[in-house]
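Note: the block below is start29.pdb and it holds PDB, C-alpha atoms.
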```pdb
ATOM      1  CA  MET A   1     -90.752 -55.567  35.354
ATOM      2  CA  GLU A   2     -91.298 -51.883  34.422
ATOM      3  CA  ASP A   3     -93.297 -50.654  31.449
ATOM      4  CA  GLU A   4     -93.677 -46.883  31.030
ATOM      5  CA  ALA A   5     -94.595 -45.063  27.811
ATOM      6  CA  PHE A   6     -91.182 -44.777  26.159
ATOM      7  CA  THR A   7     -90.700 -43.813  22.521
ATOM      8  CA  ASN A   8     -87.807 -44.008  20.137
ATOM      9  CA  ILE A   9     -86.379 -40.985  18.344
ATOM     10  CA  SER A  10     -89.025 -41.110  15.602
ATOM     11  CA  GLY A  11     -91.878 -41.149  18.095
ATOM     12  CA  LYS A  12     -92.827 -44.810  17.764
ATOM     13  CA  PRO A  13     -93.619 -46.533  21.070
ATOM     14  CA  ILE A  14     -91.069 -48.954  22.495
ATOM     15  CA  THR A  15     -91.007 -50.910  25.730
ATOM     16  CA  LEU A  16     -88.231 -51.201  28.269
ATOM     17  CA  ASP A  17     -87.992 -54.198  30.550
ATOM     18  CA  CYS A  18     -85.522 -54.111  33.486
ATOM     19  CA  GLN A  19     -84.804 -57.328  35.307
ATOM     20  CA  SER A  20     -82.588 -57.506  38.347
ATOM     21  CA  HIS A  21     -81.253 -61.036  38.582
ATOM     22  CA  SER A  22     -79.091 -60.281  41.592
ATOM     23  CA  SER A  23     -77.402 -57.356  43.277
ATOM     24  CA  PHE A  24     -74.673 -57.273  40.647
ATOM     25  CA  CYS A  25     -76.482 -58.622  37.575
ATOM     26  CA  ARG A  26     -79.138 -56.707  35.659
ATOM     27  CA  GLU A  27     -80.707 -57.159  32.258
ATOM     28  CA  PHE A  28     -82.383 -54.446  30.148
ATOM     29  CA  THR A  29     -84.484 -55.311  27.112
ATOM     30  CA  VAL A  30     -85.743 -52.682  24.674
ATOM     31  CA  SER A  31     -88.444 -53.975  22.330
ATOM     32  CA  SER A  32     -89.205 -52.261  19.046
ATOM     33  CA  PRO A  33     -92.744 -52.145  17.644
ATOM     34  CA  LYS A  34     -93.640 -55.303  15.751
ATOM     35  CA  VAL A  35     -94.180 -55.503  11.991
ATOM     36  CA  SER A  36     -97.754 -54.351  11.452
ATOM     37  CA  ILE A  37     -99.896 -56.496   9.174
ATOM     38  CA  GLY A  38    -101.497 -53.397   7.650
ATOM     39  CA  LYS A  39     -98.177 -52.089   6.397
ATOM     40  CA  VAL A  40     -97.261 -55.470   4.935
ATOM     41  CA  MET A  41    -100.589 -55.647   3.085
ATOM     42  CA  VAL A  42    -100.177 -52.098   1.746
ATOM     43  CA  TYR A  43     -96.668 -52.803   0.440
ATOM     44  CA  THR A  44     -97.532 -56.104  -1.227
ATOM     45  CA  CYS A  45    -100.731 -54.735  -2.778
ATOM     46  CA  SER A  46     -98.977 -51.680  -4.187
ATOM     47  CA  VAL A  47     -96.095 -53.749  -5.613
ATOM     48  CA  TRP A  48     -98.527 -56.208  -7.205
ATOM     49  CA  LEU A  49    -100.706 -53.431  -8.623
ATOM     50  CA  ILE A  50     -97.670 -51.777 -10.214
ATOM     51  CA  ALA A  51     -96.554 -55.144 -11.598
ATOM     52  CA  TYR A  52    -100.034 -55.742 -13.032
ATOM     53  CA  ALA A  53    -100.003 -52.276 -14.624
ATOM     54  CA  VAL A  54     -96.618 -53.031 -16.237
ATOM     55  CA  PHE A  55     -97.967 -56.400 -17.404
ATOM     56  CA  PHE A  56    -101.026 -54.656 -18.848
ATOM     57  CA  PHE A  57     -98.812 -52.552 -21.078
ATOM     58  CA  THR A  58     -96.068 -55.033 -21.931
ATOM     59  CA  GLN A  59     -98.098 -58.307 -21.865
ATOM     60  CA  ASN A  60     -95.077 -60.075 -20.397
ATOM     61  CA  THR A  61     -95.992 -62.630 -17.731
ATOM     62  CA  ALA A  62     -92.456 -62.685 -16.360
ATOM     63  CA  VAL A  63     -93.240 -59.327 -14.752
ATOM     64  CA  LEU A  64     -95.987 -60.850 -12.608
ATOM     65  CA  SER A  65     -93.994 -63.860 -11.469
ATOM     66  CA  SER A  66     -90.918 -61.786 -10.752
ATOM     67  CA  ALA A  67     -93.011 -59.345  -8.699
ATOM     68  CA  ILE A  68     -94.345 -62.207  -6.582
ATOM     69  CA  LEU A  69     -90.854 -63.615  -6.159
ATOM     70  CA  ILE A  70     -89.408 -60.247  -5.243
ATOM     71  CA  THR A  71     -92.065 -59.591  -2.599
ATOM     72  CA  LEU A  72     -91.613 -63.003  -1.002
ATOM     73  CA  VAL A  73     -87.817 -62.926  -0.999
ATOM     74  CA  GLY A  74     -87.794 -59.303   0.117
ATOM     75  CA  MET A  75     -90.060 -60.057   3.075
ATOM     76  CA  MET A  76     -87.943 -63.020   4.125
ATOM     77  CA  LEU A  77     -84.714 -61.051   3.927
ATOM     78  CA  HIS A  78     -86.281 -58.146   5.784
ATOM     79  CA  ILE A  79     -87.441 -60.126   8.793
ATOM     80  CA  HIS A  80     -84.215 -62.098   8.925
ATOM     81  CA  PHE A  81     -81.608 -59.381   8.452
ATOM     82  CA  VAL A  82     -83.210 -55.999   9.000
ATOM     83  CA  LYS A  83     -86.131 -56.075  11.420
ATOM     84  CA  VAL A  84     -84.920 -56.180  15.007
ATOM     85  CA  ASP A  85     -87.458 -57.481  17.487
ATOM     86  CA  HIS A  86     -85.693 -56.585  20.719
ATOM     87  CA  GLU A  87     -82.235 -55.692  21.945
ATOM     88  CA  SER A  88     -80.947 -56.615  25.343
ATOM     89  CA  LEU A  89     -78.105 -55.472  27.554
ATOM     90  CA  LEU A  90     -76.950 -57.763  30.345
ATOM     91  CA  VAL A  91     -74.583 -56.215  32.893
ATOM     92  CA  ILE A  92     -72.725 -58.588  35.228
ATOM     93  CA  GLY A  93     -70.554 -56.778  37.756
ATOM     94  CA  SER A  94     -66.785 -57.464  37.517
ATOM     95  CA  LEU A  95     -67.386 -59.934  34.652
ATOM     96  CA  GLY A  96     -68.554 -57.923  31.666
ATOM     97  CA  ILE A  97     -71.544 -56.926  29.625
ATOM     98  CA  GLN A  98     -73.408 -58.820  26.943
ATOM     99  CA  VAL A  99     -75.195 -57.042  24.118
ATOM    100  CA  SER A 100     -77.550 -58.988  21.920
ATOM    101  CA  SER A 101     -80.011 -58.208  19.125
ATOM    102  CA  ILE A 102     -82.818 -60.591  18.311
ATOM    103  CA  TYR A 103     -84.298 -60.268  14.839
ATOM    104  CA  ALA A 104     -87.916 -60.885  13.895
ATOM    105  CA  SER A 105     -87.096 -64.305  12.414
ATOM    106  CA  GLY A 106     -85.498 -65.444  15.679
ATOM    107  CA  ARG A 107     -81.875 -64.914  14.696
ATOM    108  CA  GLU A 108     -79.739 -63.698  17.574
ATOM    109  CA  VAL A 109     -76.496 -61.725  17.340
ATOM    110  CA  THR A 110     -74.594 -61.511  20.621
ATOM    111  CA  THR A 111     -71.427 -59.735  21.705
ATOM    112  CA  PHE A 112     -69.697 -60.035  25.059
ATOM    113  CA  ILE A 113     -67.336 -57.338  26.313
ATOM    114  CA  GLU A 114     -65.061 -58.054  29.283
ATOM    115  CA  MET A 115     -65.129 -55.713  32.248
ATOM    116  CA  SER A 116     -61.367 -55.164  32.035
ATOM    117  CA  LYS A 117     -61.806 -53.557  28.611
ATOM    118  CA  ILE A 118     -64.694 -51.286  29.651
ATOM    119  CA  LYS A 119     -63.924 -47.790  30.807
ATOM    120  CA  ASP A 120     -67.484 -46.575  31.337
ATOM    121  CA  ILE A 121     -71.042 -46.660  30.016
ATOM    122  CA  VAL A 122     -72.192 -43.129  29.207
ATOM    123  CA  ILE A 123     -74.964 -41.245  27.437
ATOM    124  CA  ASN A 124     -73.460 -39.221  24.607
ATOM    125  CA  GLU A 125     -75.003 -36.733  22.200
ATOM    126  CA  ALA A 126     -74.045 -36.904  18.548
ATOM    127  CA  ILE A 127     -75.184 -35.730  15.159
ATOM    128  CA  TYR A 128     -77.186 -38.432  13.394
ATOM    129  CA  MET A 129     -78.346 -37.512   9.838
ATOM    130  CA  HIS A 130     -80.211 -34.218  10.306
ATOM    131  CA  GLN A 131     -80.707 -34.281  14.083
ATOM    132  CA  ILE A 132     -78.796 -34.614  17.335
ATOM    133  CA  ILE A 133     -79.690 -37.696  19.367
ATOM    134  CA  TYR A 134     -78.788 -39.119  22.758
ATOM    135  CA  TYR A 135     -77.436 -42.641  22.682
ATOM    136  CA  LEU A 136     -76.000 -44.983  25.247
ATOM    137  CA  CYS A 137     -72.505 -46.219  24.513
ATOM    138  CA  VAL A 138     -69.725 -48.271  26.063
ATOM    139  CA  LEU A 139     -66.300 -46.603  26.209
ATOM    140  CA  MET A 140     -63.424 -49.040  25.781
ATOM    141  CA  LYS A 141     -60.165 -48.609  27.663
ATOM    142  CA  ASP A 142     -56.980 -47.635  25.914
ATOM    143  CA  GLN A 143     -53.970 -49.820  26.743
ATOM    144  CA  SER A 144     -51.373 -47.128  26.151
ATOM    145  CA  GLU A 145     -53.082 -44.285  28.010
ATOM    146  CA  PRO A 146     -54.659 -44.591  31.448
ATOM    147  CA  ASN A 147     -57.423 -42.063  30.725
ATOM    148  CA  GLY A 148     -57.804 -42.572  27.015
ATOM    149  CA  VAL A 149     -60.692 -43.994  25.044
ATOM    150  CA  SER A 150     -59.773 -46.448  22.323
ATOM    151  CA  GLY A 151     -63.202 -47.336  21.008
ATOM    152  CA  VAL A 152     -66.896 -46.699  21.334
ATOM    153  CA  VAL A 153     -69.629 -49.335  21.120
ATOM    154  CA  PRO A 154     -73.082 -47.770  20.738
ATOM    155  CA  LEU A 155     -75.940 -49.686  22.373
ATOM    156  CA  PHE A 156     -79.597 -50.060  21.328
ATOM    157  CA  GLN A 157     -78.804 -48.974  17.782
ATOM    158  CA  SER A 158     -81.940 -50.330  16.102
ATOM    159  CA  SER A 159     -84.463 -49.185  18.654
ATOM    160  CA  LYS A 160     -82.824 -45.809  19.472
ATOM    161  CA  PRO A 161     -84.732 -44.951  22.638
ATOM    162  CA  ARG A 162     -85.118 -41.377  23.845
ATOM    163  CA  LEU A 163     -83.443 -39.794  26.844
ATOM    164  CA  ASN A 164     -85.932 -40.835  29.537
ATOM    165  CA  CYS A 165     -85.398 -44.503  28.734
ATOM    166  CA  LEU A 166     -81.623 -44.056  28.467
ATOM    167  CA  VAL A 167     -81.352 -42.293  31.816
ATOM    168  CA  LYS A 168     -83.131 -45.182  33.509
ATOM    169  CA  VAL A 169     -80.760 -47.726  31.998
ATOM    170  CA  TYR A 170     -77.761 -45.491  32.719
ATOM    171  CA  LYS A 171     -78.570 -45.055  36.416
ATOM    172  CA  SER A 172     -79.109 -48.762  36.825
ATOM    173  CA  CYS A 173     -75.852 -49.631  35.040
ATOM    174  CA  GLN A 174     -73.850 -47.103  37.021
ATOM    175  CA  GLU A 175     -75.031 -48.614  40.303
ATOM    176  CA  ILE A 176     -73.415 -51.892  39.294
ATOM    177  CA  LEU A 177     -70.323 -50.389  37.675
ATOM    178  CA  LEU A 178     -69.503 -48.129  40.605
ATOM    179  CA  LYS A 179     -69.790 -51.055  42.970
ATOM    180  CA  CYS A 180     -67.777 -53.660  41.178
ATOM    181  CA  GLN A 181     -65.631 -52.403  38.283
TER
ATOM    182  CA  MET H   1     -54.437   2.749  10.916
ATOM    183  CA  VAL H   2     -57.519   3.493   8.795
ATOM    184  CA  GLU H   3     -60.612   1.724  10.124
ATOM    185  CA  ASN H   4     -62.475  -0.516   7.690
ATOM    186  CA  SER H   5     -66.212   0.106   7.707
ATOM    187  CA  PRO H   6     -68.948  -0.948   5.313
ATOM    188  CA  SER H   7     -70.444   2.535   5.058
ATOM    189  CA  PRO H   8     -70.992   4.094   1.621
ATOM    190  CA  LEU H   9     -68.076   6.091   0.231
ATOM    191  CA  PRO H  10     -67.749   8.067  -3.021
ATOM    192  CA  GLU H  11     -65.197   5.566  -4.386
ATOM    193  CA  ARG H  12     -67.537   2.681  -3.711
ATOM    194  CA  ALA H  13     -70.357   4.491  -5.516
ATOM    195  CA  ILE H  14     -68.136   4.872  -8.586
ATOM    196  CA  TYR H  15     -67.083   1.186  -8.485
ATOM    197  CA  GLY H  16     -70.734   0.179  -8.239
ATOM    198  CA  PHE H  17     -71.766   2.320 -11.170
ATOM    199  CA  VAL H  18     -68.909   1.044 -13.331
ATOM    200  CA  LEU H  19     -69.870  -2.545 -12.517
ATOM    201  CA  TYR H  20     -73.497  -1.777 -13.330
ATOM    202  CA  LEU H  21     -72.639  -0.248 -16.712
ATOM    203  CA  GLY H  22     -70.252  -3.112 -17.480
ATOM    204  CA  SER H  23     -72.798  -5.794 -16.676
ATOM    205  CA  GLN H  24     -75.527  -4.067 -18.697
ATOM    206  CA  PHE H  25     -73.160  -3.800 -21.691
ATOM    207  CA  ALA H  26     -72.107  -7.451 -21.358
ATOM    208  CA  PHE H  27     -75.750  -8.517 -21.311
ATOM    209  CA  PHE H  28     -76.437  -6.372 -24.416
ATOM    210  CA  LEU H  29     -73.503  -8.015 -26.202
ATOM    211  CA  TYR H  30     -74.776 -11.471 -25.221
ATOM    212  CA  CYS H  31     -78.254 -10.676 -26.576
ATOM    213  CA  VAL H  32     -76.800  -9.318 -29.839
ATOM    214  CA  TRP H  33     -74.698 -12.436 -30.298
ATOM    215  CA  ALA H  34     -77.589 -14.768 -29.485
ATOM    216  CA  PHE H  35     -80.257 -13.136 -31.668
ATOM    217  CA  VAL H  36     -78.523 -11.599 -34.688
ATOM    218  CA  PRO H  37     -78.237 -14.168 -37.542
ATOM    219  CA  GLU H  38     -74.764 -15.339 -38.489
ATOM    220  CA  GLU H  39     -74.834 -13.899 -42.004
ATOM    221  CA  TRP H  40     -75.299 -10.362 -40.718
ATOM    222  CA  LEU H  41     -72.397 -10.771 -38.300
ATOM    223  CA  HIS H  42     -70.223 -12.214 -41.110
ATOM    224  CA  SER H  43     -71.187  -9.359 -43.438
ATOM    225  CA  ILE H  44     -70.039  -6.803 -40.878
ATOM    226  CA  GLY H  45     -66.734  -8.644 -40.550
ATOM    227  CA  LEU H  46     -67.118 -10.336 -37.140
ATOM    228  CA  THR H  47     -66.433 -13.945 -38.112
ATOM    229  CA  TYR H  48     -64.686 -15.512 -35.101
ATOM    230  CA  TRP H  49     -67.529 -15.931 -32.556
ATOM    231  CA  PRO H  50     -68.409 -19.038 -30.568
ATOM    232  CA  GLN H  51     -71.169 -21.312 -31.864
ATOM    233  CA  LYS H  52     -74.747 -20.204 -31.184
ATOM    234  CA  TYR H  53     -75.307 -23.501 -29.403
ATOM    235  CA  TRP H  54     -73.507 -22.078 -26.405
ATOM    236  CA  ALA H  55     -75.948 -19.174 -26.082
ATOM    237  CA  LEU H  56     -78.425 -21.690 -24.703
ATOM    238  CA  ALA H  57     -76.049 -24.283 -23.317
ATOM    239  CA  VAL H  58     -74.135 -22.062 -20.890
ATOM    240  CA  PRO H  59     -77.187 -20.829 -18.921
ATOM    241  CA  TYR H  60     -78.550 -24.352 -18.765
ATOM    242  CA  TYR H  61     -75.255 -25.764 -17.568
ATOM    243  CA  LEU H  62     -75.018 -23.099 -14.874
ATOM    244  CA  LEU H  63     -78.525 -23.733 -13.584
ATOM    245  CA  VAL H  64     -78.102 -27.507 -13.475
ATOM    246  CA  ALA H  65     -74.722 -27.090 -11.788
ATOM    247  CA  LEU H  66     -76.367 -24.905  -9.143
ATOM    248  CA  LEU H  67     -79.054 -27.505  -8.416
ATOM    249  CA  VAL H  68     -76.545 -30.360  -8.286
ATOM    250  CA  PHE H  69     -74.302 -28.272  -6.038
ATOM    251  CA  PHE H  70     -76.948 -28.070  -3.322
ATOM    252  CA  VAL H  71     -77.593 -31.801  -3.405
ATOM    253  CA  VAL H  72     -73.881 -32.642  -3.414
ATOM    254  CA  LEU H  73     -73.160 -30.196  -0.593
ATOM    255  CA  PHE H  74     -75.787 -31.860   1.567
ATOM    256  CA  GLY H  75     -74.316 -35.249   0.714
ATOM    257  CA  ILE H  76     -70.761 -34.160   1.545
ATOM    258  CA  ASN H  77     -71.905 -32.882   4.917
ATOM    259  CA  MET H  78     -73.602 -36.177   5.694
ATOM    260  CA  THR H  79     -70.529 -38.146   4.614
ATOM    261  CA  ASN H  80     -68.207 -36.070   6.766
ATOM    262  CA  THR H  81     -70.335 -36.520   9.895
ATOM    263  CA  ALA H  82     -68.636 -38.934  12.261
ATOM    264  CA  PRO H  83     -70.580 -42.205  12.732
ATOM    265  CA  LEU H  84     -72.016 -43.018  16.141
ATOM    266  CA  ASP H  85     -69.250 -45.526  16.915
ATOM    267  CA  SER H  86     -66.339 -43.168  16.262
ATOM    268  CA  VAL H  87     -64.100 -41.871  19.034
ATOM    269  CA  ASP H  88     -64.376 -38.381  17.523
ATOM    270  CA  ASN H  89     -67.772 -38.042  19.197
ATOM    271  CA  ILE H  90     -66.177 -38.485  22.630
ATOM    272  CA  THR H  91     -62.801 -36.797  22.539
ATOM    273  CA  ASP H  92     -60.054 -35.602  20.216
ATOM    274  CA  VAL H  93     -56.328 -34.864  20.106
ATOM    275  CA  PHE H  94     -56.605 -31.507  21.839
ATOM    276  CA  ALA H  95     -58.709 -32.769  24.728
ATOM    277  CA  GLN H  96     -56.361 -35.680  25.347
ATOM    278  CA  GLY H  97     -53.275 -33.474  25.310
ATOM    279  CA  GLN H  98     -54.396 -30.977  27.917
ATOM    280  CA  LYS H  99     -52.339 -30.579  31.073
ATOM    281  CA  THR H 100     -53.801 -31.270  34.487
ATOM    282  CA  ASP H 101     -52.627 -28.494  36.788
ATOM    283  CA  VAL H 102     -52.502 -28.872  40.526
ATOM    284  CA  TYR H 103     -55.483 -27.033  41.970
ATOM    285  CA  ARG H 104     -54.269 -24.077  44.069
ATOM    286  CA  LYS H 105     -56.435 -23.329  47.041
ATOM    287  CA  GLY H 106     -58.481 -20.194  46.443
ATOM    288  CA  GLY H 107     -57.358 -19.896  42.831
ATOM    289  CA  ILE H 108     -59.438 -20.220  39.686
ATOM    290  CA  PRO H 109     -59.019 -23.684  38.131
ATOM    291  CA  ARG H 110     -57.614 -23.885  34.610
ATOM    292  CA  LEU H 111     -60.185 -23.992  31.809
ATOM    293  CA  LYS H 112     -60.288 -27.546  30.500
ATOM    294  CA  ASP H 113     -62.438 -30.102  28.755
ATOM    295  CA  VAL H 114     -64.464 -32.164  31.213
ATOM    296  CA  SER H 115     -64.539 -35.880  30.471
ATOM    297  CA  ILE H 116     -67.840 -37.355  29.386
ATOM    298  CA  SER H 117     -68.052 -39.664  32.407
ATOM    299  CA  GLU H 118     -67.974 -36.699  34.792
ATOM    300  CA  VAL H 119     -70.524 -34.810  32.698
ATOM    301  CA  ASN H 120     -72.859 -37.802  32.785
ATOM    302  CA  LYS H 121     -72.510 -38.196  36.534
ATOM    303  CA  MET H 122     -73.286 -34.538  37.026
ATOM    304  CA  PHE H 123     -76.326 -34.571  34.754
ATOM    305  CA  TYR H 124     -77.957 -37.874  35.480
ATOM    306  CA  LEU H 125     -76.695 -39.215  38.815
ATOM    307  CA  SER H 126     -76.606 -36.162  41.050
ATOM    308  CA  SER H 127     -80.220 -35.128  40.525
ATOM    309  CA  GLU H 128     -81.309 -37.076  43.581
ATOM    310  CA  THR H 129     -79.037 -35.124  45.921
ATOM    311  CA  GLN H 130     -79.485 -31.705  44.271
ATOM    312  CA  GLN H 131     -82.768 -29.910  43.656
TER
END
```

Spit out the file's structure as structure tokens when you get a sec.
Amino acid sequence: MEDEAFTNISGKPITLDCQSHSSFCREFTVSSPKVSIGKVMVYTCSVWLIAYAVFFFTQNTAVLSSAILITLVGMMLHIHFVKVDHESLLVIGSLGIQVSSIYASGREVTTFIEMSKIKDIVINEAIYMHQIIYYLCVLMKDQSEPNGVSGVVPLFQSSKPRLNCLVKVYKSCQEILLKCQ
Amino acid sequence: MVENSPSPLPERAIYGFVLYLGSQFAFFLYCVWAFVPEEWLHSIGLTYWPQKYWALAVPYYLLVALLVFFVVLFGINMTNTAPLDSVDNITDVFAQGQKTDVYRKGGIPRLKDVSISEVNKMFYLSSETQQ
């Protein structure tokens, strides 16, 4: 279990947890900061104040009830579909890797990629919106060309850790991949 | 072959002055058309002019177009940026089509694109042995 002060690209603190299950199986979990209760209160209060102001001028009670409904439904959709709690990468030598995202409501989305399809796991730099970020990605093999890359699967997309965290995960992954790919 | 240089020349001074006079005259014409009432222009004999509405509309259109242009240009740049899961961030047609020459002993190797796996190994894995 390792817990240094890592941050994501916006500066918010994240935690990295490396577990070594065996000599050829390692699991990395990057946890994003949790939903803060202060932010939730600020959003709901501002939405309800605006709705009350609109009601004050239009005297239409549907505005109030629809504001309540929108905040409730919006919060449920957000924690179920948008807010990622933690993302994990499980590397099993000569078998494959498993990438999974767990959302704040408990929903889990998992993908498994076979080792025969994986060319390498690398840290790449790319333009993202207005900045250039480092991100860890899996390069997929190309059937037709021996050295070609047919696809790229970026990892840790929701938490977007910075380079110090990525280098740690990269070194650990490469130890396994170089041994048993 | 005459060298092209941006230094001032007599011909360029004349072009500049002609452009200056032309633009001042065009602005004077625009002000006359915008301010002088239509009856006076008709009484002189100049009847076929565009509507006065355009004296205001054209500058406004140009300014709004300029503002929208900056926003749209920013948006086009963002749209054309390759997403993080595209192969264009890793390699492209030219890098894949490069020849691999046999390395001659003592010779300078051919300039080529280094694959991202090698770059990563050099940056992040070899730091324990070097430095």

- Task: Report the residues retrieved by the ChimeraX specification (/A :<7) & /H from the displayed file, expressed as an NGL selection string.
- Result: :H and (78 or 84-87 or 89 or 117 or 120 or 124-125)

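Residues selected in this file by the PyMOL selection byres ((chain H and resi 22-30) around 12) comprise H:Tyr15, H:Gly16, H:Phe17, H:Val18, H:Leu19, H:Tyr20, H:Leu21, H:Cys31, H:Val32, H:Trp33, H:Ala34, H:Phe35, H:Val36, H:Trp49, H:Pro50, H:Lys52, H:Trp54, H:Ala55, H:Leu56, H:Val58, H:Pro59.
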
- Query: By how many Å are atom CA of A:Ser159 and atom CA of A:Ile118 apart?
  - Reply: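 Here the two named atoms are 22.7 Å from each other.
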
- Message: What's around A:Phe112 at 12 Å? Count only C-alpha atoms, leave out sequence neighbours fewer than 6 positions away in its own chain, and write the answer as a list in words.
- Response: Ser88, Leu89, Leu90, Val91, Ile92, Leu95, Gly96, Ile97, Gln98, Val99, Ser100, Ile118, Val138 and Val153 of chain A

Please dump the current selection as a compact mmCIF listing (two decimals), keeping the file's coordinate frame; keep C-alpha atoms.
```txt
# COMPACT_ATOMS: atom_id res chain seq x y z
CA SER A 88 -80.95 -56.62 25.34
CA LEU A 89 -78.10 -55.47 27.55
CA LEU A 90 -76.95 -57.76 30.34
CA VAL A 91 -74.58 -56.22 32.89
CA ILE A 92 -72.72 -58.59 35.23
CA LEU A 95 -67.39 -59.93 34.65
CA GLY A 96 -68.55 -57.92 31.67
CA ILE A 97 -71.54 -56.93 29.62
CA GLN A 98 -73.41 -58.82 26.94
CA VAL A 99 -75.19 -57.04 24.12
CA SER A 100 -77.55 -58.99 21.92
CA ILE A 118 -64.69 -51.29 29.65
CA VAL A 138 -69.72 -48.27 26.06
CA VAL A 153 -69.63 -49.34 21.12
```

- Query: Quick one, how far is atom CA of A:Arg162 from atom CA of A:Pro13?
  - Reply: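 We find that atom CA of A:Arg162 and atom CA of A:Pro13 lie 10.3 Å from each other.
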
- Here atom CA of H:Asp101 and atom CA of H:Lys121 stand apart by 22.1 Å

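Evaluating the PyMOL selection byres ((chain A and resi 7) around 10) against the shown model yields Glu4, Ala5, Phe6, Asn8, Ile9, Ser10, Gly11, Lys12, Pro13, Ile14, Thr15, Leu16, Ser32, Pro33, Ser159, Lys160, Pro161, Arg162, Leu163, Asn164 and Cys165 of chain A.
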
- Neighbours of A:Ile176 within 10 Å (all atoms listed in the file; same-chain residues fewer than 5 positions away dropped), as an MDAnalysis selection string? chainID A and resid 23:26 91:94 171 181

Mind writing the picked residues with C-alpha atoms as a CSV table (one decimal), in the frame of the given file?
```
chain,number,residue,atom,x,y,z
A,23,SER,CA,-77.4,-57.4,43.3
A,24,PHE,CA,-74.7,-57.3,40.6
A,25,CYS,CA,-76.5,-58.6,37.6
A,26,ARG,CA,-79.1,-56.7,35.7
A,91,VAL,CA,-74.6,-56.2,32.9
A,92,ILE,CA,-72.7,-58.6,35.2
A,93,GLY,CA,-70.6,-56.8,37.8
A,94,SER,CA,-66.8,-57.5,37.5
A,171,LYS,CA,-78.6,-45.1,36.4
A,181,GLN,CA,-65.6,-52.4,38.3
```

- Item | A:Ala67 environment, 12 Å, all atoms listed in the file, sequence neighbours closer than 3 positions dropped, as a PyMOL selection string | chain A and resi 43-55+60-64+70-74
